[in-house]
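Enquirer: Dropping a structure here in structure tokens format, bear with me for questions.
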Amino acid sequence: MWITRALNPALTCKLAKVLNRFGGPLPTPGSCSLFASRSASSFQHACTHDPERSDEDNADINWDDLGFGLVPTDYMYVMKCSQDDTFSYGEVNRYGNLELSPSSGVLNYGQGLFEGLKAYRKGDGCGFLLFRPEENARRMQMGAKRMCMPSPSVDQFVNAVKQTVLANKRWVPPQGKGSLYLRPLLMGSGPVLGLAPAPEYMFLVYASPVGTYFKEGLAPINLIIDDEIHRATPGGTGGVKTITNYGPVLKAQVRAKSNGFTDVLFLDSTEKRYLEEASSCNLFIVKDNVISTPITRGTILAGITRKSIMEIAGDYGYKVEERLVSVEDLTAADEVFCTGTAVVVAPVGSITYQGQRYAYKTGIETVSQQLYSALTAIQMGLVKDKKSWTVEIEHQPI
């Protein structure tokens with residue numbers, strides 16, 4: 001090997017032992033990594049074995065202080081293909097910065113998608129649980145068609161997520177302390193100058209341990225309706241999880257938070273009367289025994305948590321409907337809550353619209369609390385998964 005020529009004999013021997021030990025595609029955390037080198041399409045091996053740490057060591061972190069912020073972990077999964085090809089082989093690499101061409105499709109034309117899902121540590125410590133990862137894979141495939149991108153198969157997607165969890169297993173919080181958030185990304189990594197699909201694509205998955213999304217934790221959140229800025233327009237990309245959906249909401253979100261609100265609710269851009277969703281989550285209202293959520297018409301992301309909550313609510317005997325939900329419906333509601341991978345189920349304490357504040361029922365005896373408890377019990381493996389929504393990852397030495 002060319003790399004051994006630059007090393008002294010003792011170091012060469014140590015390196016050989018490390019390489020022999022990790023012959024498979026998945027390295028042991030803290031041992032062997034791959035990282036972007038001079039070319040954006042090539043990766044080189046760089047082994048940094050730490051004899052003081054095993055893959056069973058827990059991360060040095062205070063699990064009780066977890067919020068929803070980036071905590072860099074050890075590894076990420078990377079896979080590439082060309083525009084007219086299909087994804088075939090990927091590998092786990094050391095977590096780190098990417099090298100991209102300044103003219104890459106994702107940087108110049110926003111040709112990118114992302115997903116979000118979580119891994120939970122099982123109560124017995126023997127493995128981890130993913131929640132409906134196949135749904136994330138299928139949603140990415142749908143978005144890729146809209147954005148003229150190749151996408152991983154469902155099996156490739158789920159396998160990549162599993163490998164990322166195992167490589168970063170020391171970062172999965174203890175049960176009840178949080179989860180390992182997985183962020184799959186699909187982007188046009190190849191260079192392109194004229195407006196066109198990129199010639200090369202990268203799929204990657206990285207991870208970060210997280211706690212609750214909003215600073216309020218599980219306490220009720222307070223929203224404001226913004227009738228000036230719109231999240232999506234008919235015929236656009238509001239119904240797929242493209243990266244370009246999120247930058248436009250930042251101005252409204254920053255303004256709302258500076259005025260003491262938790263997040264923003266957006267209205268439809270045509271009539272400015274019907275509710276769509278918040279910056280990063282779907283919306284539900286409760287009136288009597290009926291649970292309503294805005295219908296997806298191409299401008300609302302069909303959330304996986306949203307879909308799951310609708311099914312669970314039906315199991316509990318509630319009438320669940322997807323329909324146009326107006327501001328008038330919202331002001332007359334008994335209860336309001338938001339759903340999403342990051343927020344799970346977040347009760348809404350109040351919503352402010354054109355200077356008027358509307359308050360809603362919160363607390364233990366609410367629909368949102370009932371549905372939250374039912375959903376998280378399945379996600380964390382506290383009850384039998386009769387719906388086959390969870391995917392188990394066995395905790396085995398790598």
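Please note that chains go A, B, ... in the order of the structure tokens, that every chain numbers its residues from 1, and that ligands are numbered from 1 in the order shown.
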So that I can check the secondary structure, give me every residue of segment 169-365 of chain A assigned strand (DSSP E) by backbone DSSP, as JSON, numbers by chain.

Expert: {"A": [179, 180, 181, 182, 183, 184, 185, 186, 187, 188, 200, 201, 202, 203, 204, 205, 206, 207, 208, 209, 210, 221, 222, 223, 224, 225, 226, 263, 264, 265, 266, 267, 275, 276, 277, 278, 282, 283, 284, 285, 286, 287, 290, 291, 292, 293, 294, 319, 320, 321, 322, 323, 335, 336, 337, 338, 339, 340, 344, 345, 346, 347, 348, 349, 350, 351, 352, 353, 356, 357, 358, 359]}

Enquirer: If you run DSSP on the backbone, which residues of segment 197-337 of chain A are alpha helix (DSSP H), as a list in words?

Expert: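 Everything in segment 197-337 of chain A that counts as alpha helix (DSSP H) is Leu250, Lys251, Ala252, Gln253, Val254, Arg255, Ala256, Lys257, Ser258, Ile304, Thr305, Arg306, Lys307, Ser308, Ile309, Met310, Glu311, Ile312, Ala313, Gly314, Asp315, Val327, Glu328, Asp329, Leu330 and Thr331 of chain A.
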
Enquirer: Hey, which of A:Ala313, A:Val78, A:Leu186, A:Ile224 ends up closest to Gly112 of chain A? Count only C-alpha atoms.

Expert: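 Using only C-alpha atoms, Gly112 of chain A sits closest to A:Leu186.
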
Enquirer: Using only C-alpha atoms, which of A:Ala137, A:Cys81, A:Ala160, A:Leu204 sits nearest Asn97 of chain A?

Expert: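 Among A:Ala137, A:Cys81, A:Ala160, A:Leu204, it is A:Leu204 that comes nearest to Asn97 of chain A.
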
Enquirer: Measuring between only C-alpha atoms, which one of A:Ala59, A:Val344, A:Cys126, A:Ala359 shows the shortest distance to Gly381 of chain A?

Expert: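 Between A:Ala59, A:Val344, A:Cys126, A:Ala359, the residue approaching Gly381 of chain A most closely is A:Cys126.
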
Enquirer: Counting only C-alpha atoms, what is within 9 Å of segment 61-63 of chain A, bar same-chain residues fewer than 6 positions away, as a PDB file with C-alpha atoms, in the first residue's frame?

Expert:
```pdb
ATOM      1  CA  TRP A 171     -24.817   8.632  21.115  1.00  0.00           C
ATOM      2  CA  PRO A 173     -29.759   8.581  24.662  1.00  0.00           C
ATOM      3  CA  PRO A 174     -31.003   6.282  27.422  1.00  0.00           C
ATOM      4  CA  LYS A 177     -33.874  10.938  27.863  1.00  0.00           C
ATOM      5  CA  GLY A 178     -34.306  11.641  24.170  1.00  0.00           C
ATOM      6  CA  PRO A 209     -28.788  13.111  19.916  1.00  0.00           C
ATOM      7  CA  VAL A 210     -31.791  15.338  20.665  1.00  0.00           C
ATOM      8  CA  GLY A 211     -34.316  16.120  23.349  1.00  0.00           C
TER       9      GLY A 211
END
```

Enquirer: From the list A:Glu276, A:Glu311, A:Asp334, A:Asp124, which residue is nearest Pro294 of chain A when using only C-alpha atoms?

Expert: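 With only C-alpha atoms as the atom set, the closest residue is A:Glu276.
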
Enquirer: Could you check the closest approach to Gly90 of chain A for each of A:Gly238, A:Pro248, A:Gly123, A:Pro152 and tell me which residue wins, using only C-alpha atoms?

Expert: A:Pro152

Enquirer: Figure out the distance between atom CA of Val348 of chain A and atom CA of Thr299 of chain A, please, to one decimal in Å.

Expert: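 Between atom CA of Thr299 of chain A and atom CA of Val348 of chain A the gap is 22.3 Å.
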
Enquirer: Quick one: residues within 10 Å of Glu134 of chain A, only C-alpha atoms, excluding same-chain residues fewer than 6 positions away - as a ChimeraX atom specification?

Expert: /A:140,153-155,157-158,389-391

Enquirer: From the set A:Ile291, A:Val327, A:Ile364, A:Val106, which residue has the shortest atom-to-atom contact distance to Pro191 of chain A, counting only C-alpha atoms?

Expert: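 Once distances to Pro191 of chain A are computed over only C-alpha atoms, the minimum belongs to A:Val106.
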
Enquirer: Could you tell me how far atom CA of Met187 of chain A lies from atom CA of Thr164 of chain A, in Å and to one decimal?

Expert: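 Separation of atom CA of Met187 of chain A and atom CA of Thr164 of chain A: 18.2 Å.
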
Enquirer: Quick one: residues within 10 Å of Thr293 of chain A, only C-alpha atoms counted, chain neighbours fewer than 4 positions away excluded, as a ChimeraX atom specification?

Expert: /A:275-277,282-286,306,310,320-325,336-338

Enquirer: Might you pull out every residue within 10 Å of Ser388 of chain A, with only C-alpha atoms counted and same-chain residues fewer than 2 positions away left off, and present them as a PDB file with C-alpha atoms, in the first residue's frame?

Expert:
```pdb
ATOM      1  CA  PHE A 131     -40.236   4.445  13.534  1.00  0.00           C
ATOM      2  CA  ARG A 132     -41.624   3.836  10.037  1.00  0.00           C
ATOM      3  CA  ILE A 378     -45.059   2.523  20.252  1.00  0.00           C
ATOM      4  CA  LYS A 384     -46.583  -4.232  21.642  1.00  0.00           C
ATOM      5  CA  ASP A 385     -46.394  -2.794  18.138  1.00  0.00           C
ATOM      6  CA  LYS A 386     -49.576  -4.224  16.619  1.00  0.00           C
ATOM      7  CA  THR A 390     -41.211  -0.028  14.287  1.00  0.00           C
ATOM      8  CA  VAL A 391     -38.061  -1.524  12.796  1.00  0.00           C
TER       9      VAL A 391
END
```
